[in-house]
Structure formats: C-alpha cells, structure tokens
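Asks: Supplied structure: final.cif, mmCIF, C-alpha atoms.
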data_start
#
loop_
_atom_site.label_atom_id
_atom_site.label_comp_id
_atom_site.auth_asym_id
_atom_site.auth_seq_id
_atom_site.Cartn_x
_atom_site.Cartn_y
_atom_site.Cartn_z
CA MET Y 11 204.00 86.90 111.55
CA GLY Y 12 203.80 88.24 115.07
CA LYS Y 13 206.11 87.37 117.88
CA PHE Y 14 203.95 85.84 120.55
CA MET Y 15 206.30 85.24 123.46
CA LYS Y 16 205.81 88.62 125.03
CA PRO Y 17 205.43 89.95 128.52
CA ARG Y 18 201.97 89.42 130.05
CA LYS Y 19 201.39 86.28 128.00
CA VAL Y 20 199.90 83.38 129.90
CA VAL Y 21 201.89 80.18 129.53
CA GLN Y 22 201.73 76.72 130.95
CA VAL Y 23 204.91 75.51 132.55
CA LEU Y 24 206.03 72.09 131.41
CA ALA Y 25 209.13 71.80 133.60
CA CYS Y 26 209.41 69.29 136.43
CA CYS Y 27 208.11 70.64 139.69
CA TYR Y 28 205.82 73.32 138.29
CA SER Y 29 204.43 71.23 135.47
CA VAL Y 30 200.79 72.00 134.63
CA CYS Y 31 201.07 75.30 136.54
CA LYS Y 32 199.95 78.39 134.75
CA ALA Y 33 202.27 81.36 134.71
CA VAL Y 34 202.62 84.78 133.19
CA ILE Y 35 205.70 85.89 131.29
CA MET Y 36 207.21 88.86 133.10
CA LYS Y 37 210.18 89.30 130.85
CA ASN Y 38 211.41 87.38 127.84
CA ILE Y 39 215.01 87.17 126.74
CA ASP Y 40 215.38 86.20 123.12
CA ASP Y 41 219.12 86.57 122.76
CA ASP Y 42 221.65 84.20 124.26
CA THR Y 43 223.19 85.39 127.48
CA SER Y 44 226.47 84.30 129.05
CA ASP Y 45 224.91 81.73 131.35
CA ARG Y 46 221.93 80.68 129.22
CA HIS Y 47 222.54 79.92 125.58
CA TYR Y 48 218.89 79.57 124.71
CA ARG Y 49 215.80 81.71 124.56
CA HIS Y 50 214.31 82.00 127.99
CA ALA Y 51 211.76 83.93 129.97
CA LEU Y 52 211.16 85.02 133.51
CA VAL Y 53 207.75 83.74 134.53
CA ALA Y 54 205.63 84.28 137.59
CA GLY Y 55 203.00 81.68 138.26
CA ILE Y 56 200.75 79.98 140.73
CA ASP Y 57 202.19 76.95 142.42
CA HIS Y 58 199.30 76.10 144.67
CA TYR Y 59 195.74 77.21 143.95
CA PRO Y 60 193.30 77.87 146.81
CA CYS Y 61 191.58 74.71 148.03
CA LYS Y 62 187.90 74.06 148.36
CA VAL Y 63 186.38 75.61 151.47
CA THR Y 64 183.16 74.53 153.17
CA ALA Y 65 180.96 76.14 155.77
CA ALA Y 66 181.90 73.57 158.38
CA MET Y 67 185.56 74.62 158.45
CA SER Y 68 187.00 76.87 161.12
CA LYS Y 69 188.22 80.34 160.30
CA LYS Y 70 191.82 79.34 160.70
CA LYS Y 71 191.41 76.45 158.32
CA THR Y 72 189.56 78.58 155.80
CA ALA Y 73 192.32 81.16 155.87
CA LYS Y 74 194.95 78.51 155.31
CA LYS Y 75 193.04 76.90 152.46
CA SER Y 76 192.46 80.22 150.74
CA THR Y 77 196.12 81.02 150.35
CA ILE Y 78 197.78 81.08 146.93
CA LYS Y 79 201.38 80.02 146.67
CA SER Y 80 203.23 81.64 143.85
CA PHE Y 81 206.58 81.07 142.21
CA MET Y 82 209.04 82.87 140.00
CA LYS Y 83 211.23 80.97 137.62
CA ILE Y 84 213.47 81.44 134.62
CA ASP Y 85 212.56 78.84 132.04
CA ASN Y 86 213.62 77.79 128.58
CA TYR Y 87 210.97 78.44 125.92
CA ASN Y 88 210.94 74.71 125.23
CA HIS Y 89 209.55 74.19 128.71
CA LEU Y 90 206.74 76.68 128.30
CA MET Y 91 203.53 76.12 126.38
CA PRO Y 92 202.11 79.43 125.18
CA THR Y 93 198.39 80.08 125.25
CA ARG Y 94 196.30 82.59 123.43
CA TYR Y 95 195.54 84.48 126.62
CA SER Y 96 197.33 87.43 128.10
CA VAL Y 97 196.96 89.26 131.36
CA ASP Y 98 196.47 92.95 131.82
CA ILE Y 99 198.72 93.72 134.75
CA PRO Y 100 200.89 96.79 135.00
CA SER Y 101 204.45 95.73 135.69
CA ASP Y 102 207.30 97.84 136.88
CA LYS Y 103 210.11 97.19 134.40
CA THR Y 104 212.82 98.41 136.73
CA VAL Y 105 211.97 95.76 139.27
CA VAL Y 106 211.61 92.87 136.86
CA ASN Y 107 214.97 91.52 135.90
CA LYS Y 108 217.07 88.45 136.62
CA ASP Y 109 218.80 90.01 139.60
CA ILE Y 110 215.67 89.62 141.68
CA PHE Y 111 216.63 86.09 142.57
CA ARG Y 112 219.63 87.28 144.49
CA ASP Y 113 217.66 89.48 146.80
CA SER Y 114 214.63 87.92 148.45
CA ALA Y 115 213.14 91.32 149.26
CA LEU Y 116 213.17 92.31 145.63
CA LYS Y 117 211.64 88.95 144.75
CA CYS Y 118 208.64 89.57 147.02
CA LYS Y 119 208.16 92.97 145.47
CA THR Y 120 208.10 91.48 142.01
CA MET J 13 184.62 62.66 90.25
CA VAL J 14 185.19 66.30 89.56
CA ALA J 15 186.25 66.88 93.15
CA ALA J 16 188.78 64.05 92.95
CA LYS J 17 190.24 65.46 89.73
CA LYS J 18 190.45 68.92 91.26
CA MET J 19 192.18 67.49 94.32
CA LYS J 20 194.70 65.66 92.18
CA LYS J 21 195.46 68.79 90.19
CA SER J 22 195.92 70.88 93.32
CA ARG J 23 198.17 68.20 94.77
CA GLU J 24 200.35 68.34 91.66
CA LEU J 25 200.62 72.08 92.04
CA ILE J 26 201.60 71.81 95.68
CA ASN J 27 204.15 69.11 94.87
CA SER J 28 205.81 71.17 92.19
CA ARG J 29 205.96 74.19 94.45
CA LEU J 30 207.40 72.12 97.27
CA ARG J 31 210.11 70.85 94.95
CA LEU J 32 211.09 74.44 94.20
CA VAL J 33 211.34 75.16 97.91
CA MET J 34 213.50 72.06 98.39
CA LYS J 35 215.86 73.35 95.73
CA SER J 36 216.24 76.68 97.48
CA ARG J 37 216.96 74.84 100.77
CA LYS J 38 215.01 77.30 102.89
CA TYR J 39 212.96 74.81 104.86
CA MET J 40 213.06 72.80 108.08
CA LEU J 41 211.89 69.23 108.41
CA VAL J 42 212.20 67.74 111.91
CA HIS J 43 209.12 68.30 114.11
CA LYS J 44 211.03 69.78 117.04
CA GLN J 45 212.93 72.19 114.81
CA THR J 46 209.76 73.13 112.95
CA GLN J 47 208.08 73.94 116.23
CA LYS J 48 211.06 76.05 117.30
CA LEU J 49 211.00 77.97 114.03
CA THR J 50 207.29 78.59 114.30
CA GLY J 51 207.81 79.79 117.86
CA GLN J 52 210.46 82.21 116.65
CA CYS J 53 208.09 83.28 113.86
CA LYS J 54 210.69 82.49 111.21
CA ALA J 55 208.50 79.95 109.43
CA LYS J 56 206.35 81.43 106.67
CA LEU J 57 204.26 78.34 106.08
CA VAL J 58 203.83 75.04 107.89
CA ILE J 59 202.83 71.92 106.00
CA LEU J 60 201.45 68.93 107.88
CA ALA J 61 200.99 65.42 106.55
CA ASN J 62 197.65 63.81 107.32
CA SER J 63 199.21 60.92 109.26
CA GLY J 64 201.16 61.27 112.47
CA PRO J 65 200.34 61.98 116.10
CA VAL J 66 197.27 64.18 116.33
CA LEU J 67 198.43 65.87 119.53
CA ARG J 68 201.69 66.93 117.92
CA LYS J 69 199.84 68.21 114.88
CA SER J 70 197.40 70.25 116.92
CA GLU J 71 200.25 71.64 119.02
CA ILE J 72 202.03 72.96 115.98
CA VAL J 73 198.78 74.30 114.54
CA TYR J 74 198.26 76.19 117.81
CA TYR J 75 201.77 77.67 117.63
CA ALA J 76 201.14 78.66 114.01
CA ILE J 77 197.87 80.37 114.92
CA LEU J 78 199.65 82.34 117.64
CA ALA J 79 202.43 83.29 115.25
CA LYS J 80 199.90 84.03 112.47
CA THR J 81 201.67 81.57 110.19
CA GLY J 82 199.75 79.74 107.50
CA VAL J 83 199.17 76.02 107.91
CA HIS J 84 198.55 73.68 105.04
CA HIS J 85 197.22 70.19 105.62
CA TYR J 86 198.87 68.13 102.94
CA GLY J 87 196.60 65.59 101.29
CA GLY J 88 199.04 62.71 101.58
CA ASN J 89 200.63 60.85 104.45
CA ASP J 90 204.11 61.30 105.87
CA THR J 91 205.71 58.86 103.43
CA GLU J 92 204.39 60.85 100.50
CA LEU J 93 205.49 64.15 101.99
CA GLY J 94 208.97 62.75 102.49
CA THR J 95 209.07 61.53 98.89
CA VAL J 96 207.95 64.89 97.53
CA CYS J 97 210.71 66.52 99.55
CA GLY J 98 213.16 64.16 97.91
CA LYS J 99 214.06 62.42 101.14
CA TYR J 100 214.27 58.72 101.85
CA TYR J 101 212.42 59.01 105.14
CA ARG J 102 208.92 59.97 106.35
CA GLU J 103 208.17 63.51 107.32
CA CYS J 104 205.13 64.73 109.25
CA THR J 105 205.89 68.44 109.42
CA LEU J 106 207.61 70.83 107.10
CA ALA J 107 208.23 74.52 107.67
CA VAL J 108 209.08 76.84 104.82
CA THR J 109 211.32 79.66 105.98
CA ASP J 110 211.80 81.45 102.71
CA PRO J 111 209.73 80.81 99.59
CA GLY J 112 212.36 82.02 97.17
CA ASP J 113 211.23 81.51 93.58
CA SER J 114 208.30 79.39 94.63
CA ASP J 115 204.87 80.99 94.92
CA ILE J 116 203.81 78.45 97.52
CA ILE J 117 202.93 81.02 100.12
CA ARG J 118 200.94 83.27 97.85
CA SER J 119 198.86 80.44 96.48
CA MET J 120 198.40 78.49 99.72
CA PRO J 121 195.52 80.52 101.19
CA GLU J 122 193.39 79.59 98.16
CA GLN J 123 194.07 75.93 98.56
CA THR J 124 194.21 75.57 102.33
CA GLY J 125 190.58 74.47 102.42
CA GLU J 126 191.25 71.50 100.14
CA LYS J 127 192.69 68.42 101.75
#
Translate this structure into structure tokens?
Replies:
Amino acid sequence: MGKFMKPRKVVQVLACCYSVCKAVIMKNIDDDTSDRHYRHALVAGIDHYPCKVTAAMSKKKTAKKSTIKSFMKIDNYNHLMPTRYSVDIPSDKTVVNKDIFRDSALKCKT
Amino acid sequence: MVAAKKMKKSRELINSRLRLVMKSRKYMLVHKQTQKLTGQCKAKLVILANSGPVLRKSEIVYYAILAKTGVHHYGGNDTELGTVCGKYYRECTLAVTDPGDSDIIRSMPEQTGEK
C-alpha cells in the first residue's frame, strides 16, 4: 500500500486552463492548511509544447516555434490524474514552497 | 459445468465475506469516495461490479495499481453488489478499508482470477 502522490511524479492536470497538460509534482501537501482544506500539490508543467518546424521556416520563426511555455500551479488532488511515470530531476527543496508565487524571481528559479 | 459450480461456490464465499465487512462498517461505497480512499492508500481492497462505465472502472483500477491495492472484479452486476451489501441501491465500486473479522483480503488473491 504505497503512497503514490510524491514529488517527481508525472501527473496530468484536469483543471480548466491547463487541462490535458502534463506536469510534475514538485511538492505535495497532504494535510489541510489554513487556506486549503484539501490535499493539494504544487505542480510544474508544460503549457505549450514546441510546434512543428520545417526547413522552409526562417530562423526567427523556428526559434519562436521551438519555445516551451511552462506553468506552476497549486492544484487539488481531485484535479490531477496520476500516471505511473516519474521524472528524475534534482530539486532544491529550499526553493520549492508555496511562497514562490509571491516573488516572481523565485518562481523563475523554481 | 464444473467451472460454473466452482464460480457459484466462490461467489458464495465472497458474498459471505462481504457481509462480514458490512457488519464491521469499515467500507466505502460511492465511486468518488472510493477513488479518494484509494488515492490516499487507505483502501485495502477494491471490489468492482461487472456493469458500469468502463472508463470509471479502468480509472479506479489504475489508481489501485499505483497504490498497490488489490482489485477484485465481482462476478455480478451493480444491482447484485448492492444487494449483497444490504443496500437498496446499485453499487459499482466498493472499497474495504479494514477487513476486521473477515478474511476477504487474505483470500482474495486466490480468487481474483475468477470472474
């Protein structure tokens, strides 16, 4: 009986604007906090995947199409669909916490 | 013929064990709650009726695999599962949180192959 909502787990976001986006759990919070009375997790995911690039495109266009737009969100577990995959990324625990949303510089770092 | 008899016997066993679990009141019936319990890894065994939305069933089976919880595909449909649980409504999913006196969890792995 293993707990499977753990950091580095790949999940699929089911919430409104990031629905069908894949994300990785950075930090999960299983106890109720003062502002969120449900189990939630901080996820980092890909909002916009790189588009298809052809040889006929200019360099500028290629560069623009190759960008990845990412997002960070705090989501209820009900709005996340866990998968059996996990990602092997070293994460700095001191940086990853809910306060990152207040400071945009910290957010970029995370 | 022999297979049918065997299936009937195993069904009786499962039914009697389920009734014990119902008595101890350590179970959860509603699909959403069952899924939540499985996600929290508090469910020891998940029982699924053979009728009901296939997508929902496979979702909960996926959660159970991740949580390493046993899944038993009950041989009857949701009406029968509800009746065995002593309820007057249909039930597609049932999660057992604590077996109590019942040996349902110990004996389930032997019978999980039979439907």
Asks: Record the distance separating CA of Ile72 in chain J and CA of Asp110 in chain J, expressed in Å with one decimal.
Replies: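 Those two atoms sit 18.5 Å apart.
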Asks: Apply the PyMOL selection byres ((chain J) within 12 of (chain Y)) to the file shown and report the selected residues as a PyMOL selection string.
Replies: chain J and resi 44-45+47-57+71-72+74-82+109
Asks: Report as a PDB file with C-alpha atoms, in the frame of the given file all protein, DNA and RNA residues lying within 7 Å of Val96 in chain J, evaluated on only C-alpha atoms, omitting residues in the same chain fewer than 3 positions from it.
Replies:
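The resulting file, part37.pdb, is reproduced below:
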ATOM      1  CA  ASN J  27     204.150  69.110  94.870  1.00  0.00           C
ATOM      2  CA  ARG J  31     210.110  70.850  94.950  1.00  0.00           C
ATOM      3  CA  GLU J  92     204.390  60.850 100.500  1.00  0.00           C
ATOM      4  CA  LEU J  93     205.490  64.150 101.990  1.00  0.00           C
TER       5      LEU J  93
END
Asks: Can you spell out as an NGL selection string the set of residues that the PyMOL selection byres ((chain J and resi 69) around 12) selects in the structure I just provided?
Replies: :J and (43-44 or 46-47 or 58-68 or 70-76 or 83-86 or 104-106)
Asks: For range 22-34 of chain Y, please output as a VMD selection string all residues within 12 Å (counting only C-alpha atoms; exclusion window: fewer than 3 positions along the same chain).
Replies: chain Y and resid 15 to 19 37 to 38 51 to 59 79 to 99 101
Asks: Could you tell me which residues the PyMOL selection byres ((chain J and resi 33) around 12) grabs in this file, written as a ChimeraX atom specification?
Replies: /J:26-32,34-40,56-57,96-98,106-117
Asks: Since the input lacks atoms, please generate N, CA, C and O atoms for range 69-84 of chain J and provide them as a short mmCIF file (atom, residue, chain, number, x, y, z; two decimals), keeping the file's coordinate frame.
Replies:
data_model
loop_
_atom_site.label_atom_id
_atom_site.label_comp_id
_atom_site.auth_asym_id
_atom_site.auth_seq_id
_atom_site.Cartn_x
_atom_site.Cartn_y
_atom_site.Cartn_z
N LYS J 69 200.34 67.38 115.98
CA LYS J 69 199.84 68.21 114.88
C LYS J 69 199.09 69.41 115.43
O LYS J 69 199.32 70.54 115.02
N SER J 70 198.20 69.15 116.38
CA SER J 70 197.40 70.25 116.92
C SER J 70 198.25 71.24 117.69
O SER J 70 197.98 72.43 117.70
N GLU J 71 199.33 70.73 118.30
CA GLU J 71 200.25 71.64 119.02
C GLU J 71 200.89 72.62 118.06
O GLU J 71 200.96 73.83 118.30
N ILE J 72 201.35 72.09 116.93
CA ILE J 72 202.03 72.96 115.98
C ILE J 72 201.05 73.90 115.28
O ILE J 72 201.38 75.04 114.97
N VAL J 73 199.79 73.42 115.11
CA VAL J 73 198.78 74.30 114.54
C VAL J 73 198.51 75.46 115.50
O VAL J 73 198.35 76.61 115.07
N TYR J 74 198.48 75.16 116.79
CA TYR J 74 198.26 76.19 117.81
C TYR J 74 199.37 77.23 117.78
O TYR J 74 199.12 78.44 117.79
N TYR J 75 200.62 76.75 117.71
CA TYR J 75 201.77 77.67 117.63
C TYR J 75 201.65 78.55 116.38
O TYR J 75 201.94 79.74 116.41
N ALA J 76 201.24 77.92 115.28
CA ALA J 76 201.14 78.66 114.01
C ALA J 76 200.05 79.73 114.08
O ALA J 76 200.20 80.82 113.54
N ILE J 77 198.95 79.39 114.77
CA ILE J 77 197.87 80.37 114.92
C ILE J 77 198.36 81.55 115.74
O ILE J 77 198.10 82.70 115.42
N LEU J 78 199.12 81.26 116.80
CA LEU J 78 199.65 82.34 117.64
C LEU J 78 200.62 83.21 116.87
O LEU J 78 200.66 84.42 117.02
N ALA J 79 201.42 82.56 116.01
CA ALA J 79 202.43 83.29 115.25
C ALA J 79 201.86 83.87 113.97
O ALA J 79 202.57 84.56 113.23
N LYS J 80 200.58 83.59 113.69
CA LYS J 80 199.90 84.03 112.47
C LYS J 80 200.60 83.49 111.22
O LYS J 80 200.77 84.18 110.23
N THR J 81 201.04 82.25 111.32
CA THR J 81 201.67 81.57 110.19
C THR J 81 200.64 80.68 109.53
O THR J 81 199.81 80.09 110.20
N GLY J 82 200.71 80.58 108.21
CA GLY J 82 199.75 79.74 107.50
C GLY J 82 200.06 78.27 107.74
O GLY J 82 201.20 77.86 107.89
N VAL J 83 198.99 77.46 107.76
CA VAL J 83 199.17 76.02 107.91
C VAL J 83 198.48 75.35 106.74
O VAL J 83 197.36 75.69 106.39
N HIS J 84 199.17 74.42 106.13
CA HIS J 84 198.55 73.68 105.04
C HIS J 84 198.53 72.21 105.40
O HIS J 84 199.55 71.62 105.74
#
